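Visitor: Pasting coords_24.csv here (CSV, C-alpha atoms):
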chain,number,residue,atom,x,y,z
X,1,MET,CA,-131.2,21.0,-36.6
X,2,LYS,CA,-133.1,24.1,-37.2
X,3,ALA,CA,-135.8,25.2,-34.8
X,4,ARG,CA,-138.2,28.1,-34.6
X,5,VAL,CA,-139.6,29.5,-31.4
X,6,LEU,CA,-142.8,31.5,-31.6
X,7,ILE,CA,-143.4,33.8,-28.6
X,8,THR,CA,-146.8,35.6,-28.1
X,9,PRO,CA,-148.3,37.6,-25.3
X,10,LYS,CA,-150.4,35.5,-23.1
X,11,GLU,CA,-154.2,35.6,-23.5
X,12,GLY,CA,-155.7,38.4,-21.5
X,13,ILE,CA,-152.6,40.5,-21.4
X,14,LEU,CA,-153.0,43.8,-23.1
X,15,ASP,CA,-150.9,43.9,-26.2
X,16,PRO,CA,-150.7,47.6,-27.2
X,17,GLN,CA,-148.6,46.8,-30.3
X,18,GLY,CA,-151.3,44.4,-31.6
X,19,LYS,CA,-153.9,47.1,-30.9
X,20,ALA,CA,-152.0,49.7,-32.8
X,21,VAL,CA,-151.6,47.4,-35.8
X,22,GLU,CA,-155.3,46.5,-35.6
X,23,ARG,CA,-156.3,50.1,-35.5
X,24,ALA,CA,-154.2,50.9,-38.6
X,25,LEU,CA,-155.7,48.3,-40.8
X,26,PRO,CA,-159.0,49.8,-41.7
X,27,ALA,CA,-157.2,53.0,-42.9
X,28,LEU,CA,-155.5,50.8,-45.5
X,29,GLY,CA,-158.7,49.2,-46.6
X,30,PHE,CA,-158.4,45.9,-44.7
X,31,GLU,CA,-161.7,45.3,-42.9
X,32,GLY,CA,-162.7,42.5,-40.6
X,33,VAL,CA,-159.4,41.9,-39.0
X,34,SER,CA,-159.4,41.5,-35.2
X,35,ASN,CA,-157.5,40.1,-32.2
X,36,VAL,CA,-154.1,41.1,-33.6
X,37,ARG,CA,-151.3,40.0,-31.3
X,38,VAL,CA,-147.7,40.9,-32.0
X,39,GLY,CA,-145.1,38.5,-30.8
X,40,ARG,CA,-141.5,37.4,-31.6
X,41,LEU,CA,-140.0,34.7,-33.8
X,42,VAL,CA,-136.6,33.3,-32.8
X,43,GLU,CA,-134.8,31.0,-35.3
X,44,LEU,CA,-131.9,28.9,-34.2
X,45,ASP,CA,-129.8,25.8,-34.9
X,46,THR,CA,-129.4,23.3,-32.1
X,47,ASN,CA,-127.9,19.9,-31.3
X,48,ASP,CA,-130.2,19.4,-28.4
X,49,PRO,CA,-133.9,20.2,-29.3
X,50,ASP,CA,-135.1,18.5,-26.1
X,51,ALA,CA,-133.6,21.4,-24.2
X,52,LEU,CA,-135.6,24.0,-26.1
X,53,PRO,CA,-138.6,24.2,-23.7
X,54,SER,CA,-136.4,24.8,-20.8
X,55,LEU,CA,-134.3,27.3,-22.8
X,56,CYS,CA,-137.5,29.1,-23.7
X,57,GLU,CA,-138.8,29.2,-20.1
X,58,LYS,CA,-135.4,30.5,-18.8
X,59,LEU,CA,-134.6,33.1,-21.4
X,60,LEU,CA,-136.5,33.4,-24.7
X,61,ALA,CA,-139.9,33.9,-23.1
X,62,ASN,CA,-141.1,35.2,-19.8
X,63,PRO,CA,-143.7,32.5,-18.8
X,64,LEU,CA,-145.5,35.0,-16.6
X,65,VAL,CA,-146.6,37.1,-19.5
X,66,GLU,CA,-145.8,35.1,-22.7
X,67,ASP,CA,-146.6,31.8,-24.3
X,68,PHE,CA,-144.2,30.0,-26.6
X,69,GLU,CA,-144.4,27.3,-29.2
X,70,VAL,CA,-141.3,25.3,-30.5
X,71,GLU,CA,-141.2,24.0,-34.0
X,72,VAL,CA,-138.3,21.7,-34.8
X,73,ASP,CA,-137.4,21.0,-38.5
X,74,GLU,CA,-136.6,17.3,-38.4
X,75,LYS,CA,-134.8,17.4,-41.8
H,1,MET,CA,-121.4,52.3,4.9
H,2,THR,CA,-120.8,51.7,1.2
H,3,PHE,CA,-123.3,51.5,-1.7
H,4,GLY,CA,-122.5,49.4,-4.7
H,5,VAL,CA,-124.1,50.6,-8.0
H,6,LEU,CA,-124.2,48.1,-10.7
H,7,GLN,CA,-123.0,49.0,-14.2
H,8,PHE,CA,-124.0,46.9,-17.2
H,9,PRO,CA,-123.2,47.7,-20.8
H,10,GLY,CA,-126.1,50.0,-21.7
H,11,SER,CA,-126.7,51.3,-18.2
H,12,CYS,CA,-127.2,55.0,-18.3
H,13,ASP,CA,-128.3,56.1,-14.8
H,14,GLU,CA,-125.5,54.6,-12.8
H,15,ARG,CA,-123.7,58.0,-12.5
H,16,ASP,CA,-126.8,59.7,-11.1
H,17,ALA,CA,-127.4,56.8,-8.8
H,18,LEU,CA,-123.7,56.9,-7.6
H,19,ALA,CA,-124.0,60.7,-7.0
H,20,ALA,CA,-127.2,60.1,-5.0
H,21,CYS,CA,-125.6,57.5,-2.9
H,22,GLU,CA,-122.5,59.7,-2.4
H,23,ARG,CA,-124.7,62.4,-0.8
H,24,VAL,CA,-125.4,60.1,2.1
H,25,ALA,CA,-122.5,57.6,2.3
H,26,GLU,CA,-119.6,56.0,0.4
H,27,ALA,CA,-120.4,54.5,-3.0
H,28,ARG,CA,-118.7,52.8,-5.9
H,29,LEU,CA,-119.6,51.3,-9.2
H,30,VAL,CA,-119.7,47.5,-9.7
H,31,TRP,CA,-118.9,46.4,-13.2
H,32,HIS,CA,-121.2,43.6,-14.5
H,33,GLU,CA,-118.4,41.1,-14.6
H,34,GLU,CA,-117.6,41.5,-10.9
H,35,THR,CA,-118.7,38.7,-8.6
H,36,ASP,CA,-117.3,40.0,-5.3
H,37,LEU,CA,-119.5,42.3,-3.3
H,38,ALA,CA,-117.2,42.3,-0.3
H,39,GLY,CA,-117.3,45.7,1.5
H,40,ILE,CA,-120.6,46.6,-0.1
H,41,ASP,CA,-123.5,47.1,2.3
H,42,ALA,CA,-126.3,48.0,-0.1
H,43,VAL,CA,-126.8,47.5,-3.8
H,44,VAL,CA,-128.5,49.7,-6.4
H,45,VAL,CA,-129.4,48.2,-9.8
H,46,PRO,CA,-129.7,51.4,-11.9
H,47,GLY,CA,-131.8,52.4,-14.9
H,48,GLY,CA,-130.8,52.3,-18.5
H,49,PHE,CA,-130.9,49.7,-21.3
H,50,SER,CA,-128.7,46.9,-20.0
H,51,TYR,CA,-127.4,44.8,-22.8
H,52,GLY,CA,-129.5,46.8,-25.2
H,53,ASP,CA,-132.6,45.5,-23.6
H,54,TYR,CA,-132.5,42.8,-26.3
H,55,LEU,CA,-135.2,40.2,-26.2
H,56,ARG,CA,-137.0,41.8,-23.2
H,57,ALA,CA,-136.0,44.6,-20.8
H,58,GLY,CA,-133.7,43.1,-18.2
H,59,ALA,CA,-133.8,39.5,-19.7
H,60,ILE,CA,-130.1,39.3,-20.4
H,61,ALA,CA,-128.8,41.3,-17.5
H,62,ARG,CA,-130.2,38.9,-15.0
H,63,PHE,CA,-127.6,36.3,-16.1
H,64,SER,CA,-124.6,38.6,-15.6
H,65,PRO,CA,-122.0,37.5,-13.1
H,66,ALA,CA,-122.7,40.6,-10.9
H,67,MET,CA,-126.4,39.7,-10.7
H,68,GLU,CA,-125.6,36.2,-9.4
H,69,ALA,CA,-123.7,37.9,-6.6
H,70,VAL,CA,-126.6,40.3,-6.1
H,71,ALA,CA,-129.1,37.4,-5.8
H,72,ALA,CA,-126.9,35.8,-3.1
H,73,PHE,CA,-126.5,39.2,-1.4
H,74,ALA,CA,-130.3,39.7,-1.4
H,75,ALA,CA,-130.9,36.1,-0.1
H,76,GLY,CA,-128.7,37.0,2.8
H,77,GLY,CA,-130.9,40.0,3.6
H,78,GLY,CA,-128.7,42.6,2.0
H,79,PRO,CA,-130.7,45.7,0.9
H,80,VAL,CA,-131.1,45.9,-2.9
H,81,LEU,CA,-132.9,48.7,-4.8
H,82,GLY,CA,-133.8,48.3,-8.5
H,83,ILE,CA,-134.7,51.5,-10.3
H,84,CYS,CA,-136.5,51.4,-13.7
H,85,ASN,CA,-134.4,49.0,-15.8
H,86,GLY,CA,-133.0,47.7,-12.5
H,87,PHE,CA,-136.6,46.9,-11.4
H,88,GLN,CA,-137.1,45.1,-14.7
H,89,VAL,CA,-133.9,43.1,-14.1
H,90,LEU,CA,-134.9,42.2,-10.5
H,91,CYS,CA,-138.3,40.9,-11.8
H,92,GLU,CA,-136.7,38.9,-14.6
H,93,ALA,CA,-134.3,37.5,-12.0
H,94,GLY,CA,-137.2,36.4,-9.8
H,95,LEU,CA,-136.1,38.6,-6.9
H,96,LEU,CA,-139.3,40.5,-7.2
H,97,PRO,CA,-142.7,39.3,-8.4
H,98,GLY,CA,-144.4,40.4,-11.6
H,99,ALA,CA,-143.2,41.8,-14.9
H,100,LEU,CA,-142.9,45.2,-16.6
H,101,LEU,CA,-144.6,45.4,-20.0
H,102,PRO,CA,-144.5,48.1,-22.7
H,103,ASN,CA,-146.4,51.2,-21.7
H,104,GLU,CA,-150.1,51.1,-22.6
H,105,GLU,CA,-149.7,54.1,-24.9
H,106,LEU,CA,-146.5,52.7,-26.5
H,107,ARG,CA,-144.8,56.0,-25.9
H,108,PHE,CA,-141.6,56.7,-24.1
H,109,LEU,CA,-142.6,58.6,-21.0
H,110,CYS,CA,-140.5,61.3,-19.3
H,111,ARG,CA,-142.3,63.3,-16.7
H,112,GLN,CA,-142.5,64.2,-13.0
H,113,VAL,CA,-145.1,62.0,-11.2
H,114,GLU,CA,-146.5,62.0,-7.7
H,115,LEU,CA,-146.2,58.8,-5.7
H,116,GLY,CA,-147.9,57.7,-2.6
H,117,TYR,CA,-145.8,55.6,-0.1
H,118,GLU,CA,-147.6,52.8,1.7
H,119,GLY,CA,-146.0,51.4,4.8
H,120,THR,CA,-143.6,48.5,4.2
H,121,ASP,CA,-140.8,46.8,6.2
H,122,SER,CA,-138.2,47.9,3.6
H,123,PRO,CA,-134.9,49.4,4.8
H,124,TRP,CA,-135.1,51.7,1.8
H,125,ALA,CA,-138.1,53.4,3.3
H,126,SER,CA,-137.2,53.6,7.0
H,127,GLU,CA,-137.4,57.4,6.8
H,128,LEU,CA,-140.8,57.4,5.0
H,129,SER,CA,-144.2,57.1,6.7
H,130,ASP,CA,-147.4,55.6,5.4
H,131,GLY,CA,-149.2,58.1,3.3
H,132,ASP,CA,-146.1,60.2,2.4
H,133,ALA,CA,-146.3,61.8,-1.1
H,134,LEU,CA,-143.1,62.0,-3.2
H,135,SER,CA,-142.5,63.9,-6.4
H,136,ILE,CA,-140.2,61.8,-8.6
H,137,PRO,CA,-139.7,61.6,-12.4
H,138,VAL,CA,-140.4,58.5,-14.5
H,139,LYS,CA,-138.7,57.9,-17.9
H,140,HIS,CA,-139.4,54.6,-19.5
H,141,MET,CA,-140.8,52.7,-22.4
H,142,SER,CA,-141.8,49.5,-20.5
H,143,GLY,CA,-143.1,50.4,-17.1
H,144,ARG,CA,-146.5,48.8,-17.0
H,145,TYR,CA,-146.4,46.7,-13.9
H,146,PHE,CA,-148.2,43.4,-14.3
H,147,ALA,CA,-148.8,40.4,-12.0
H,148,PRO,CA,-151.7,37.9,-11.9
H,149,ASP,CA,-154.6,39.1,-9.7
H,150,ASP,CA,-153.9,36.5,-6.9
H,151,VAL,CA,-150.3,37.8,-6.7
H,152,LEU,CA,-151.5,41.4,-6.6
H,153,ASP,CA,-153.9,40.5,-3.8
H,154,GLU,CA,-151.1,38.9,-1.9
H,155,LEU,CA,-148.8,41.9,-2.4
H,156,GLU,CA,-151.5,44.2,-1.1
H,157,SER,CA,-152.5,42.1,1.9
H,158,SER,CA,-148.9,41.6,3.0
H,159,GLY,CA,-147.9,45.2,2.7
H,160,ARG,CA,-145.5,44.8,-0.2
H,161,VAL,CA,-146.9,47.5,-2.5
H,162,ALA,CA,-144.4,50.3,-1.5
H,163,PHE,CA,-145.4,53.0,-4.0
H,164,ARG,CA,-148.4,53.8,-6.1
H,165,TYR,CA,-148.9,56.5,-8.6
H,166,ALA,CA,-151.2,59.2,-7.2
H,167,GLU,CA,-154.8,59.1,-8.4
H,168,GLY,CA,-155.0,60.0,-12.1
H,169,GLN,CA,-151.3,59.9,-12.6
H,170,ASN,CA,-150.7,56.3,-13.6
H,171,PRO,CA,-148.6,57.0,-16.7
H,172,ASN,CA,-148.2,53.5,-18.2
H,173,GLY,CA,-151.3,51.4,-17.3
H,174,SER,CA,-149.7,49.6,-14.4
H,175,ALA,CA,-152.0,47.2,-12.5
H,176,ARG,CA,-153.6,48.9,-9.5
H,177,ASP,CA,-151.5,52.0,-10.1
H,178,ILE,CA,-148.4,50.1,-8.7
H,179,ALA,CA,-145.1,51.9,-9.1
H,180,GLY,CA,-142.9,49.9,-6.7
H,181,VAL,CA,-143.0,46.6,-4.8
H,182,THR,CA,-140.8,44.7,-2.3
H,183,ASN,CA,-139.9,41.1,-1.9
H,184,GLU,CA,-141.3,39.1,1.0
H,185,SER,CA,-138.7,40.3,3.6
H,186,GLY,CA,-138.7,43.9,2.3
H,187,ASN,CA,-134.9,44.1,1.7
H,188,VAL,CA,-135.4,44.1,-2.1
H,189,LEU,CA,-137.3,47.1,-3.5
H,190,GLY,CA,-138.0,47.8,-7.1
H,191,LEU,CA,-139.7,50.9,-8.6
H,192,MET,CA,-140.1,52.5,-12.0
H,193,PRO,CA,-139.7,56.1,-11.0
H,194,HIS,CA,-136.2,57.4,-10.5
H,195,PRO,CA,-135.4,58.6,-7.0
H,196,GLU,CA,-131.7,59.2,-8.0
H,197,HIS,CA,-133.0,62.0,-10.3
H,198,ALA,CA,-134.8,63.7,-7.4
H,199,VAL,CA,-132.1,64.4,-4.9
H,200,ASP,CA,-131.8,68.2,-5.2
H,201,PRO,CA,-134.4,70.9,-5.0
H,202,LEU,CA,-132.6,72.6,-7.9
H,203,THR,CA,-133.9,70.0,-10.3
H,204,GLY,CA,-137.4,70.1,-8.9
H,205,SER,CA,-137.5,67.7,-6.0
H,206,ALA,CA,-135.3,66.1,-3.3
H,207,ASP,CA,-137.9,63.5,-2.3
H,208,GLY,CA,-135.9,60.6,-3.9
H,209,LEU,CA,-132.9,61.2,-1.6
H,210,LYS,CA,-135.0,59.7,1.3
H,211,LEU,CA,-134.6,56.2,-0.2
H,212,PHE,CA,-130.9,56.4,-0.1
H,213,SER,CA,-130.7,58.1,3.3
H,214,SER,CA,-133.1,55.6,4.7
H,215,VAL,CA,-130.6,52.8,4.1
H,216,ALA,CA,-127.6,54.8,5.0
H,217,SER,CA,-128.9,55.9,8.4
H,218,LEU,CA,-130.3,52.5,9.2
H,219,LEU,CA,-126.9,50.8,8.5
H,220,ALA,CA,-124.9,53.5,10.2
H,221,ALA,CA,-126.9,53.0,13.3
H,222,ALA,CA,-126.5,49.2,13.2
Mind turning the file's structure into structure tokens?

Guide:
Amino acid sequence: MKARVLITPKEGILDPQGKAVERALPALGFEGVSNVRVGRLVELDTNDPDALPSLCEKLLANPLVEDFEVEVDEK
Amino acid sequence: MTFGVLQFPGSCDERDALAACERVAEARLVWHEETDLAGIDAVVVPGGFSYGDYLRAGAIARFSPAMEAVAAFAAGGGPVLGICNGFQVLCEAGLLPGALLPNEELRFLCRQVELGYEGTDSPWASELSDGDALSIPVKHMSGRYFAPDDVLDELESSGRVAFRYAEGQNPNGSARDIAGVTNESGNVLGLMPHPEHAVDPLTGSADGLKLFSSVASLLAAA
């Protein structure tokens, strides 16, 4: 089945990419956008979705500095 | 004594590291698929972009066969030095605490910096004294050292912060100006600046050579 893993910088960790995006927005006329955080999306097919959290902790995310969410497509 | 310098696909500083080691002892490259470190007395994990730095810097390299051998070598007390990408690999592998995040200013940095050495038990610093200043270059994109505050407190109180950027010279936003740390027993040292690029006065500084000669003279005397 298909799964998506969403990886984001942990709360409180400076995310310079997010800051750079946020600073660029007003120049394009987009006002009122704040707290931009840039992360990563990993899409994959798996036979063993139960293993995904451990897979994330060991490789896809660094739990010291990143949070992750797993979405499994049950179809 | 013999240094082993790891070589991953994407390493780019292994030749300079090898040349630095060869100034003070024997040295050879260790390809990332090698698992036998027999005959090697100290390991250098060099800089570069191991496995393209895909996912996160150092994230894939930590699973290489050679790194498993290095983890066992380190656990047995063997001296291991991680430089730049090597530091990132050692953090990802859990051999050193913390993580290296993208530079605060998001720019690739390449410049000479001044470091202050703080006393540690590391064999890589046996020829350094508390308070020594070293001039060594940095060149990296993800060098912002991060660890939770309680870990930083512990590192400081147990004398495991080996190097700090001199006041006003923190190039990347590293927590508490930290440039290099050791593991609990001191045999594993990681730092972002490149001592292997500072081994000859001709290129600006020979201060980095002291890390290599520290281990070489210590092991030669043993």

Visitor: From the set H:Phe3, H:Phe163, H:Gly98, H:Tyr54, which residue has the shortest atom-to-atom contact distance to Val24 (chain H), counting only C-alpha atoms?

Guide: H:Phe3

Visitor: Return the neighbours of chain X among the residues of chain H, cut-off 7 Å, counting only C-alpha atoms, as a list in words.

Guide: Ala59, Glu104, Glu105 and Leu106 of chain H

Visitor: Which one of H:His197, H:Arg23, H:Arg107, H:His32 sits closest to Gly10 (chain H) if you count all atoms listed in the file?

Guide: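 With all atoms listed in the file as the atom set, the closest residue is H:His32.
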
Visitor: Skipping near chain neighbours, those fewer than 6 positions away, what residues fall within 12 Å of Ala24 (chain X) using all atoms listed in the file, listed as a PDB file with C-alpha atoms, in the coordinates of the input?

Guide:
ATOM      1  CA  GLN X  17    -148.600  46.800 -30.300  1.00  0.00           C
ATOM      2  CA  GLY X  18    -151.300  44.400 -31.600  1.00  0.00           C
ATOM      3  CA  PHE X  30    -158.400  45.900 -44.700  1.00  0.00           C
ATOM      4  CA  GLU X  31    -161.700  45.300 -42.900  1.00  0.00           C
ATOM      5  CA  VAL X  33    -159.400  41.900 -39.000  1.00  0.00           C
ATOM      6  CA  SER X  34    -159.400  41.500 -35.200  1.00  0.00           C
ATOM      7  CA  VAL X  36    -154.100  41.100 -33.600  1.00  0.00           C
TER       8      VAL X  36
END

Visitor: Work out how far apart CA of Ala162 (chain H) and CA of Pro9 (chain X) are and give it in Å to one decimal.

Guide: 27.3 Å

Visitor: Within 7 Å of Leu6 (chain X), counting only C-alpha atoms, which residues qualify if same-chain residues fewer than 2 places away don't, as a PDB file with C-alpha atoms, in the frame of the given file?

Guide:
ATOM      1  CA  ARG X   4    -138.200  28.100 -34.600  1.00  0.00           C
ATOM      2  CA  THR X   8    -146.800  35.600 -28.100  1.00  0.00           C
ATOM      3  CA  ARG X  40    -141.500  37.400 -31.600  1.00  0.00           C
ATOM      4  CA  LEU X  41    -140.000  34.700 -33.800  1.00  0.00           C
ATOM      5  CA  VAL X  42    -136.600  33.300 -32.800  1.00  0.00           C
ATOM      6  CA  PHE X  68    -144.200  30.000 -26.600  1.00  0.00           C
ATOM      7  CA  GLU X  69    -144.400  27.300 -29.200  1.00  0.00           C
ATOM      8  CA  VAL X  70    -141.300  25.300 -30.500  1.00  0.00           C
TER       9      VAL X  70
END

Visitor: Between H:Thr35, H:Asn103, H:Ser11, H:Ser185, which has the minimum distance to Gly173 (chain H) (counting only C-alpha atoms)?

Guide: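 For Gly173 (chain H), the nearest of the given residues is H:Asn103.
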
Visitor: Which polymer residues have any atom within 8 Å of an atom of region 82-89 of chain H, counting all atoms listed in the file, with same-chain residues fewer than 4 positions away left out, as a PyMOL selection string?

Guide: chain H and resi 44-50+57-59+61-62+93+99-100+140+143+188-195

Visitor: Between CA of Glu196 (chain H) and CA of Leu55 (chain H), what distance in Å does the model show, to one decimal?

Guide: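 Atom-to-atom, CA of Glu196 (chain H) to CA of Leu55 (chain H), that is 26.5 Å.
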
Visitor: When you draw a straight line from CA of Thr120 (chain H) to CA of Gly208 (chain H), how long is it in Å?

Guide: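 Result for CA of Thr120 (chain H) versus CA of Gly208 (chain H): 16.5 Å, one decimal.
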
Visitor: Can you tell me, as a PyMOL selection string, what residues are no more than 8 Å from Arg111 (chain H) when counting all atoms listed in the file, ignoring any on the same chain fewer than 3 positions away?

Guide: chain H and resi 137-139

Visitor: Which one of H:Asp132, H:Asp53, H:Asp41, H:Asp121 sits closest to Thr182 (chain H) if you count only C-alpha atoms?

Guide: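 Nearest candidate to Thr182 (chain H) out of H:Asp132, H:Asp53, H:Asp41, H:Asp121: H:Asp121.
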
Visitor: With only C-alpha atoms as the basis for distance, which of X:Pro63, X:Leu55, X:Pro26, X:Ile7 is at the shortest distance from Val38 (chain X)?

Guide: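 Smallest distance to Val38 (chain X) is found for X:Ile7.
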
Visitor: Using only C-alpha atoms for the distances, tell me which of H:Phe8, H:Phe63, H:Tyr145, H:Trp124 is nearest to Pro79 (chain H).

Guide: H:Trp124

Visitor: Give as a ChimeraX atom specification the set of residues within 7 Å of the point (-134.3, 24.0, -35.8), where distances use the file's coordinates and all atoms listed in the file.

Guide: /X:1-4,44-46,72-73

Visitor: All heavy atoms are needed for region 151-160 of chain H; please write them out as a PDB file, in the coordinates of the input.

Guide:
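Result went into result-v6.pdb, see below:
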ATOM      1  N   VAL H 151    -151.556  37.280  -7.214  1.00  0.00           N
ATOM      2  CA  VAL H 151    -150.300  37.800  -6.700  1.00  0.00           C
ATOM      3  C   VAL H 151    -150.460  39.259  -6.247  1.00  0.00           C
ATOM      4  O   VAL H 151    -149.952  39.653  -5.186  1.00  0.00           O
ATOM      5  CB  VAL H 151    -149.192  37.738  -7.828  1.00  0.00           C
ATOM      6  CG1 VAL H 151    -147.907  38.422  -7.386  1.00  0.00           C
ATOM      7  CG2 VAL H 151    -148.921  36.284  -8.216  1.00  0.00           C
ATOM      8  N   LEU H 152    -151.235  40.042  -7.015  1.00  0.00           N
ATOM      9  CA  LEU H 152    -151.500  41.400  -6.600  1.00  0.00           C
ATOM     10  C   LEU H 152    -152.223  41.473  -5.259  1.00  0.00           C
ATOM     11  O   LEU H 152    -151.888  42.280  -4.382  1.00  0.00           O
ATOM     12  CB  LEU H 152    -152.335  42.145  -7.676  1.00  0.00           C
ATOM     13  CG  LEU H 152    -151.662  42.342  -9.040  1.00  0.00           C
ATOM     14  CD1 LEU H 152    -152.660  42.888 -10.061  1.00  0.00           C
ATOM     15  CD2 LEU H 152    -150.463  43.272  -8.933  1.00  0.00           C
ATOM     16  N   ASP H 153    -153.204  40.582  -5.088  1.00  0.00           N
ATOM     17  CA  ASP H 153    -153.900  40.500  -3.800  1.00  0.00           C
ATOM     18  C   ASP H 153    -152.970  40.246  -2.668  1.00  0.00           C
ATOM     19  O   ASP H 153    -153.027  40.873  -1.607  1.00  0.00           O
ATOM     20  CB  ASP H 153    -155.002  39.426  -3.850  1.00  0.00           C
ATOM     21  CG  ASP H 153    -156.150  39.771  -4.799  1.00  0.00           C
ATOM     22  OD1 ASP H 153    -156.272  40.960  -5.160  1.00  0.00           O
ATOM     23  OD2 ASP H 153    -156.890  38.842  -5.191  1.00  0.00           O
ATOM     24  N   GLU H 154    -152.086  39.277  -2.915  1.00  0.00           N
ATOM     25  CA  GLU H 154    -151.100  38.900  -1.900  1.00  0.00           C
ATOM     26  C   GLU H 154    -150.172  40.034  -1.560  1.00  0.00           C
ATOM     27  O   GLU H 154    -149.868  40.305  -0.391  1.00  0.00           O
ATOM     28  CB  GLU H 154    -150.358  37.634  -2.400  1.00  0.00           C
ATOM     29  CG  GLU H 154    -149.081  37.278  -1.659  1.00  0.00           C
ATOM     30  CD  GLU H 154    -149.338  36.785  -0.242  1.00  0.00           C
ATOM     31  OE1 GLU H 154    -150.478  36.357   0.026  1.00  0.00           O
ATOM     32  OE2 GLU H 154    -148.397  36.851   0.577  1.00  0.00           O
ATOM     33  N   LEU H 155    -149.705  40.730  -2.609  1.00  0.00           N
ATOM     34  CA  LEU H 155    -148.800  41.900  -2.400  1.00  0.00           C
ATOM     35  C   LEU H 155    -149.486  42.936  -1.541  1.00  0.00           C
ATOM     36  O   LEU H 155    -148.886  43.508  -0.630  1.00  0.00           O
ATOM     37  CB  LEU H 155    -148.371  42.484  -3.738  1.00  0.00           C
ATOM     38  CG  LEU H 155    -147.407  41.665  -4.591  1.00  0.00           C
ATOM     39  CD1 LEU H 155    -147.192  42.331  -5.955  1.00  0.00           C
ATOM     40  CD2 LEU H 155    -146.073  41.492  -3.880  1.00  0.00           C
ATOM     41  N   GLU H 156    -150.752  43.201  -1.854  1.00  0.00           N
ATOM     42  CA  GLU H 156    -151.500  44.200  -1.100  1.00  0.00           C
ATOM     43  C   GLU H 156    -151.733  43.823   0.322  1.00  0.00           C
ATOM     44  O   GLU H 156    -151.536  44.606   1.251  1.00  0.00           O
ATOM     45  CB  GLU H 156    -152.792  44.575  -1.827  1.00  0.00           C
ATOM     46  CG  GLU H 156    -152.549  45.337  -3.126  1.00  0.00           C
ATOM     47  CD  GLU H 156    -153.833  45.705  -3.857  1.00  0.00           C
ATOM     48  OE1 GLU H 156    -154.856  45.006  -3.665  1.00  0.00           O
ATOM     49  OE2 GLU H 156    -153.795  46.687  -4.634  1.00  0.00           O
ATOM     50  N   SER H 157    -152.132  42.555   0.508  1.00  0.00           N
ATOM     51  CA  SER H 157    -152.500  42.100   1.900  1.00  0.00           C
ATOM     52  C   SER H 157    -151.277  41.968   2.747  1.00  0.00           C
ATOM     53  O   SER H 157    -151.368  42.049   3.977  1.00  0.00           O
ATOM     54  CB  SER H 157    -153.345  40.873   1.837  1.00  0.00           C
ATOM     55  OG  SER H 157    -152.567  39.816   1.327  1.00  0.00           O
ATOM     56  N   SER H 158    -150.102  41.756   2.133  1.00  0.00           N
ATOM     57  CA  SER H 158    -148.900  41.600   3.000  1.00  0.00           C
ATOM     58  C   SER H 158    -148.053  42.844   3.039  1.00  0.00           C
ATOM     59  O   SER H 158    -146.907  42.806   3.482  1.00  0.00           O
ATOM     60  CB  SER H 158    -148.082  40.398   2.439  1.00  0.00           C
ATOM     61  OG  SER H 158    -147.748  40.593   1.080  1.00  0.00           O
ATOM     62  N   GLY H 159    -148.614  43.977   2.577  1.00  0.00           N
ATOM     63  CA  GLY H 159    -147.900  45.200   2.700  1.00  0.00           C
ATOM     64  C   GLY H 159    -146.648  45.342   1.886  1.00  0.00           C
ATOM     65  O   GLY H 159    -145.646  45.900   2.315  1.00  0.00           O
ATOM     66  N   ARG H 160    -146.699  44.786   0.668  1.00  0.00           N
ATOM     67  CA  ARG H 160    -145.500  44.800  -0.200  1.00  0.00           C
ATOM     68  C   ARG H 160    -145.622  45.757  -1.367  1.00  0.00           C
ATOM     69  O   ARG H 160    -144.717  45.849  -2.168  1.00  0.00           O
ATOM     70  CB  ARG H 160    -145.193  43.387  -0.659  1.00  0.00           C
ATOM     71  CG  ARG H 160    -144.712  42.488   0.486  1.00  0.00           C
ATOM     72  CD  ARG H 160    -144.668  41.038   0.083  1.00  0.00           C
ATOM     73  NE  ARG H 160    -143.812  40.830  -1.069  1.00  0.00           N
ATOM     74  CZ  ARG H 160    -143.780  39.682  -1.770  1.00  0.00           C
ATOM     75  NH1 ARG H 160    -144.561  38.673  -1.417  1.00  0.00           N
ATOM     76  NH2 ARG H 160    -142.981  39.562  -2.802  1.00  0.00           N
TER      77      ARG H 160
END
